[in-house]
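S.K.: My structure file input.pdb, PDB, C-alpha atoms, is below:
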```pdb
ATOM      1  CA  PHE H   1     134.609 187.332  42.392
ATOM      2  CA  PRO H   2     134.763 190.216  39.941
ATOM      3  CA  PRO H   3     131.645 190.574  37.783
ATOM      4  CA  TYR H   4     131.546 189.191  34.255
ATOM      5  CA  GLN H   5     131.483 191.627  31.333
ATOM      6  CA  HIS H   6     127.879 190.674  30.504
ATOM      7  CA  GLN H   7     126.875 191.676  34.051
ATOM      8  CA  TYR H   8     128.495 195.107  33.674
ATOM      9  CA  ASP H   9     126.773 195.512  30.317
ATOM     10  CA  CYS H  10     123.372 194.570  31.771
ATOM     11  CA  TRP H  11     123.773 196.898  34.758
ATOM     12  CA  ASN H  12     124.730 199.794  32.503
ATOM     13  CA  THR H  13     121.778 199.145  30.189
ATOM     14  CA  LEU H  14     119.218 198.786  32.972
ATOM     15  CA  LEU H  15     120.441 201.683  35.106
ATOM     16  CA  HIS H  16     121.522 204.249  32.528
ATOM     17  CA  GLU H  17     120.354 203.648  28.969
ATOM     18  CA  LYS H  18     117.039 204.893  27.618
ATOM     19  CA  TYR H  19     115.084 204.409  24.407
ATOM     20  CA  ASP H  20     112.575 207.155  23.630
ATOM     21  CA  GLY H  21     113.027 208.308  27.224
ATOM     22  CA  LYS H  22     112.086 204.914  28.672
ATOM     23  CA  PRO H  23     114.340 202.393  30.451
ATOM     24  CA  MET H  24     115.800 199.661  28.294
ATOM     25  CA  ALA H  25     115.086 195.950  28.652
ATOM     26  CA  ILE H  26     117.569 193.084  28.502
ATOM     27  CA  CYS H  27     117.607 189.446  27.479
ATOM     28  CA  VAL H  28     120.458 187.478  29.032
ATOM     29  CA  THR H  29     121.495 184.192  27.457
ATOM     30  CA  THR H  30     124.585 182.709  29.013
ATOM     31  CA  GLY H  31     125.662 179.492  30.663
ATOM     32  CA  THR H  32     124.692 178.078  34.027
ATOM     33  CA  GLY H  33     126.493 179.713  36.946
ATOM     34  CA  SER H  34     127.479 182.838  35.010
ATOM     35  CA  GLY H  35     125.414 185.281  37.083
ATOM     36  CA  LYS H  36     122.223 185.798  35.081
ATOM     37  CA  THR H  37     120.232 186.525  38.235
ATOM     38  CA  GLU H  38     122.588 189.319  39.280
ATOM     39  CA  CYS H  39     122.148 190.873  35.822
ATOM     40  CA  PHE H  40     118.589 191.892  36.678
ATOM     41  CA  MET H  41     118.373 191.592  40.452
ATOM     42  CA  MET H  42     121.155 193.987  41.454
ATOM     43  CA  PRO H  43     119.979 196.956  39.347
ATOM     44  CA  LEU H  44     116.377 196.309  40.325
ATOM     45  CA  VAL H  45     117.153 196.293  44.053
ATOM     46  CA  TYR H  46     119.238 199.452  43.651
ATOM     47  CA  ASP H  47     116.396 201.164  41.763
ATOM     48  CA  LEU H  48     113.862 200.106  44.410
ATOM     49  CA  ALA H  49     116.063 201.573  47.132
ATOM     50  CA  LYS H  50     116.396 204.860  45.227
ATOM     51  CA  ASN H  51     112.624 204.987  44.673
ATOM     52  CA  TYR H  52     111.589 203.389  47.970
ATOM     53  CA  GLN H  53     107.891 203.257  48.786
ATOM     54  CA  SER H  54     107.000 201.812  52.166
ATOM     55  CA  GLY H  55     104.276 199.186  52.328
ATOM     56  CA  GLN H  56     103.942 198.793  48.570
ATOM     57  CA  ILE H  57     104.873 195.996  46.197
ATOM     58  CA  GLN H  58     107.238 197.629  43.717
ATOM     59  CA  ALA H  59     108.496 194.559  41.856
ATOM     60  CA  VAL H  60     107.237 191.072  40.981
ATOM     61  CA  PHE H  61     109.690 188.258  40.252
ATOM     62  CA  LEU H  62     107.921 185.476  38.380
ATOM     63  CA  TYR H  63     109.531 182.024  38.619
ATOM     64  CA  PRO H  64     108.195 178.841  37.018
ATOM     65  CA  LEU H  65     109.014 176.673  40.051
ATOM     66  CA  ASN H  66     108.853 177.118  43.834
ATOM     67  CA  ALA H  67     112.326 175.595  44.127
ATOM     68  CA  LEU H  68     113.783 178.443  42.053
ATOM     69  CA  MET H  69     112.206 181.010  44.367
ATOM     70  CA  GLU H  70     113.656 179.239  47.399
ATOM     71  CA  ASP H  71     117.083 179.332  45.753
ATOM     72  CA  GLN H  72     116.827 183.118  45.407
ATOM     73  CA  LYS H  73     116.004 183.903  49.048
ATOM     74  CA  GLU H  74     119.564 183.794  50.358
ATOM     75  CA  ARG H  75     120.930 185.793  47.425
ATOM     76  CA  LEU H  76     118.165 188.387  47.719
ATOM     77  CA  GLU H  77     118.579 188.633  51.488
ATOM     78  CA  LYS H  78     122.292 189.448  51.081
ATOM     79  CA  MET H  79     121.546 192.116  48.487
ATOM     80  CA  LEU H  80     118.902 193.708  50.685
ATOM     81  CA  GLU H  81     121.288 193.652  53.663
ATOM     82  CA  ASN H  82     123.946 195.422  51.581
ATOM     83  CA  ILE H  83     121.433 198.019  50.343
ATOM     84  CA  GLU H  84     120.289 198.670  53.905
ATOM     85  CA  ARG H  85     123.864 199.089  55.075
ATOM     86  CA  SER H  86     124.934 201.338  52.177
ATOM     87  CA  MET H  87     121.758 203.351  51.496
ATOM     88  CA  GLY H  88     119.840 203.088  54.773
ATOM     89  CA  VAL H  89     116.737 201.652  53.083
ATOM     90  CA  LYS H  90     115.146 198.490  54.468
ATOM     91  CA  LEU H  91     113.518 196.684  51.558
ATOM     92  CA  THR H  92     111.423 193.578  52.220
ATOM     93  CA  TYR H  93     110.206 190.640  50.146
ATOM     94  CA  THR H  94     107.985 187.592  50.261
ATOM     95  CA  VAL H  95     107.774 184.246  48.532
ATOM     96  CA  TYR H  96     104.078 184.205  47.708
ATOM     97  CA  ASN H  97     103.245 180.585  46.973
ATOM     98  CA  GLY H  98     100.992 177.869  48.373
ATOM     99  CA  ASP H  99     103.311 177.419  51.378
ATOM    100  CA  LEU H 100     102.819 180.958  52.723
ATOM    101  CA  PRO H 101     100.652 180.767  55.873
ATOM    102  CA  ASP H 102      97.608 183.011  56.211
ATOM    103  CA  GLU H 103      98.659 184.405  59.584
ATOM    104  CA  VAL H 104     100.610 183.718  62.759
ATOM    105  CA  PRO H 105      98.454 181.801  65.231
ATOM    106  CA  SER H 106      97.472 183.536  68.456
ATOM    107  CA  LYS H 107      99.959 183.046  71.305
ATOM    108  CA  ASN H 108      97.131 181.442  73.281
ATOM    109  CA  ASP H 109      96.442 178.867  70.558
ATOM    110  CA  THR H 110      98.293 175.695  71.558
ATOM    111  CA  SER H 111      96.464 173.423  69.132
ATOM    112  CA  GLU H 112      98.329 170.965  66.956
ATOM    113  CA  ASP H 113      97.403 172.992  63.870
ATOM    114  CA  ALA H 114      98.792 176.213  65.404
ATOM    115  CA  GLU H 115     102.055 174.470  66.307
ATOM    116  CA  ARG H 116     102.318 173.113  62.751
ATOM    117  CA  ILE H 117     101.899 176.635  61.356
ATOM    118  CA  ARG H 118     104.535 178.010  63.761
ATOM    119  CA  ARG H 119     106.998 175.312  62.647
ATOM    120  CA  LYS H 120     106.210 176.124  59.017
ATOM    121  CA  ILE H 121     106.862 179.828  59.629
ATOM    122  CA  ASP H 122     110.174 179.006  61.330
ATOM    123  CA  MET H 123     111.140 176.906  58.309
ATOM    124  CA  ILE H 124     110.093 179.581  55.781
ATOM    125  CA  ARG H 125     112.011 182.274  57.688
ATOM    126  CA  GLY H 126     115.098 180.066  58.077
ATOM    127  CA  LEU H 127     115.233 179.596  61.841
ATOM    128  CA  LYS H 128     118.850 179.532  63.017
ATOM    129  CA  THR H 129     119.661 176.704  65.416
ATOM    130  CA  ASP H 130     122.679 175.739  67.462
ATOM    131  CA  LYS H 131     124.514 172.412  67.206
ATOM    132  CA  HIS H 132     121.885 170.825  69.485
ATOM    133  CA  GLY H 133     118.994 171.929  67.288
ATOM    134  CA  GLN H 134     117.863 174.620  69.726
ATOM    135  CA  PRO H 135     116.839 178.031  68.322
ATOM    136  CA  GLU H 136     119.499 180.743  68.435
ATOM    137  CA  LEU H 137     118.268 183.733  70.427
ATOM    138  CA  ASP H 138     119.299 187.395  70.389
ATOM    139  CA  SER H 139     120.024 189.397  73.543
ATOM    140  CA  ASN H 140     116.266 190.021  74.009
ATOM    141  CA  GLY H 141     115.411 186.308  73.815
ATOM    142  CA  ASN H 142     113.969 186.508  70.279
ATOM    143  CA  LYS H 143     114.567 183.752  67.745
ATOM    144  CA  GLN H 144     117.139 184.517  65.052
ATOM    145  CA  TYR H 145     116.288 183.964  61.389
ATOM    146  CA  LYS H 146     118.258 183.643  58.188
ATOM    147  CA  TYR H 147     115.698 185.779  56.320
ATOM    148  CA  PRO H 148     114.810 188.730  58.581
ATOM    149  CA  ARG H 149     113.630 190.914  55.677
ATOM    150  CA  MET H 150     110.970 188.423  54.625
ATOM    151  CA  VAL H 151     107.250 189.090  55.056
ATOM    152  CA  TYR H 152     106.034 185.627  56.019
ATOM    153  CA  THR H 153     102.213 185.660  56.214
ATOM    154  CA  ARG H 154      99.528 186.480  53.638
ATOM    155  CA  LYS H 155      97.881 188.761  56.168
ATOM    156  CA  ASP H 156     101.005 190.951  56.340
ATOM    157  CA  VAL H 157     101.586 190.814  52.582
ATOM    158  CA  ARG H 158      98.063 192.209  52.119
ATOM    159  CA  ARG H 159      98.458 194.963  54.751
ATOM    160  CA  LYS H 160      99.307 198.359  53.309
ATOM    161  CA  ASP H 161     101.703 199.170  56.160
ATOM    162  CA  ALA H 162     103.542 195.821  55.940
ATOM    163  CA  ALA H 163     103.418 194.814  52.262
ATOM    164  CA  PRO H 164     106.795 193.736  50.898
ATOM    165  CA  ASN H 165     108.619 195.725  48.234
ATOM    166  CA  ILE H 166     109.405 192.578  46.235
ATOM    167  CA  LEU H 167     107.023 189.708  45.588
ATOM    168  CA  LEU H 168     108.440 186.404  44.329
ATOM    169  CA  THR H 169     105.728 184.144  42.955
ATOM    170  CA  ASN H 170     104.868 181.524  40.356
ATOM    171  CA  PRO H 171     102.352 181.631  37.452
ATOM    172  CA  THR H 172      99.613 179.801  39.377
ATOM    173  CA  MET H 173      99.787 182.152  42.358
ATOM    174  CA  LEU H 174      99.977 185.179  40.064
ATOM    175  CA  GLU H 175      96.680 184.052  38.553
ATOM    176  CA  TYR H 176      95.173 183.806  42.052
ATOM    177  CA  ILE H 177      96.498 187.265  42.897
ATOM    178  CA  LEU H 178      94.822 188.679  39.808
ATOM    179  CA  LEU H 179      91.507 186.907  40.460
ATOM    180  CA  ARG H 180      91.045 186.719  44.245
ATOM    181  CA  LYS H 181      89.227 189.553  45.941
ATOM    182  CA  SER H 182      91.469 189.203  49.023
ATOM    183  CA  ASP H 183      94.582 189.820  46.885
ATOM    184  CA  GLU H 184      93.308 192.635  44.661
ATOM    185  CA  ASN H 185      95.310 195.353  46.441
ATOM    186  CA  LEU H 186      98.634 193.543  45.869
ATOM    187  CA  ILE H 187      98.982 194.601  42.234
ATOM    188  CA  ASN H 188      97.150 197.959  42.284
TER
END
```
Go through the file and emit its structure as structure tokens.
M.R.:
Amino acid sequence: FPPYQHQYDCWNTLLHEKYDGKPMAICVTTGTGSGKTECFMMPLVYDLAKNYQSGQIQAVFLYPLNALMEDQKERLEKMLENIERSMGVKLTYTVYNGDLPDEVPSKNDTSEDAERIRRKIDMIRGLKTDKHGQPELDSNGNKQYKYPRMVYTRKDVRRKDAAPNILLTNPTMLEYILLRKSDENLIN
């Protein structure tokens, strides 16, 4: 579908217009389904790709509800895929909420808890399955995921060499990020 005029106007404002030498801000008020998310997300992703910094959170998307963050994953994944294809920059993201596991269990850990965490990670990453419910595998035997650009453990989010470029979170988790010692490097 061709973009709406308000989307063009937002993109032009965010990408090109300045006030006292600083980027402009926008406030978008329009009906449901009219592309408000694209008004900010597309120029932001483009700007991140132009100013790419590996292993550093460059943008925080704050959503009031976890369900809204989940709704954005597919849209964001497609945008990041297009940016990678057109600009050669692989941006990553995470949904940093209470569901994000601390780390991937050791391959040797066959406990019930470890299996639960593995299933949770598969769900968060959008494990692709065939019509029989079996995981789809690539030519190397690796599971295929709907969200390959997602950083899916807190341990990796906190690592300087693996931190995502975009962090989607909610107000409660943002408060934890600002207060917890283990998360202090996320917003520095």
S.K.: I'd like the residues picked by the PyMOL selection byres ((chain H and resi 9-24) around 6) written out as a ChimeraX atom specification, using the chain letters and numbers from the file.
M.R.: /H:6-8,25,39,43
S.K.: For Lys36 in chain H, which residue among H:Ser111, H:Asn51, H:Gln5, H:Ser182 is the nearest when counting only C-alpha atoms?
M.R.: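 Nearest to Lys36 in chain H: H:Gln5.
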S.K.: Between CA of Gly35 in chain H and CA of Glu74 in chain H, what distance in Å does the model show, to one decimal?
M.R.: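 For CA of Gly35 in chain H relative to CA of Glu74 in chain H, the distance reads 14.6 Å.
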S.K.: Between CA of Asn140 in chain H and CA of Arg116 in chain H, measure the distance and give it in Å to one decimal.
M.R.: 24.6 Å
S.K.: Applying 9 Å and only C-alpha atoms, which residues near range 83-87 of chain H remain after dropping the ones on its own chain fewer than 3 positions away? List them as a list in words.
M.R.: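 The contact residues come out as Val45, Tyr46, Ala49, Lys50, Lys78, Met79, Leu80, Lys90 and Leu91 of chain H.
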S.K.: Using only C-alpha atoms, which residues sit within 10 Å of Pro64 in chain H once same-chain residues fewer than 4 positions away are excluded, as a VMD selection string?
M.R.: chain H and resid 68 to 69 169 to 172
S.K.: Pick the closest to Tyr93 in chain H from H:Lys181, H:Arg149, H:Lys107, H:Arg159: which is it, counting only C-alpha atoms?
M.R.: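 Among the listed residues, H:Arg149 lies closest to Tyr93 in chain H.
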S.K.: Given the choices H:Tyr52, H:Val60, H:Glu112, H:Phe40, which gets closest to Leu186 in chain H if the distance is worked out from only C-alpha atoms?
M.R.: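 Smallest distance to Leu186 in chain H is found for H:Val60.
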S.K.: Draw an axis-aligned box tight on the listed atoms of range 35-45 of chain H, then pad every side by 5 Å and write out centre and edge lengths in Å to one decimal as AutoDock Vina command-line options.
M.R.:
```
--center_x 120.9 --center_y 191.1 --center_z 39.6 --size_x 19.0 --size_y 21.7 --size_z 19.0
```
S.K.: The PyMOL selection byres ((chain H and resi 151) around 8) - which residues does that actually catch in the file I just gave you? List them as an MDAnalysis selection string.
M.R.: chainID H and resid 92:94 149:150 152:153 156:157 162:164
S.K.: For Asn185 in chain H, which residue out of H:Ser34, H:Gln56, H:Thr29, H:Gln72 is the nearest one, using all atoms listed in the file?
M.R.: H:Gln56
S.K.: Point out the residue among H:Val28, H:Leu44, H:Leu168, H:Val104 with the least atom-to-atom distance to Ala67 in chain H, counting all atoms listed in the file.
M.R.: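 Closest residue, counting all atoms listed in the file: H:Leu168.
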S.K.: So, with all atoms listed in the file as the atoms that count, which of H:Gly141, H:Gly133, H:Gly31, H:Gly98 lies closest to Ile177 in chain H?
M.R.: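 The closest residue to Ile177 in chain H is H:Gly98.
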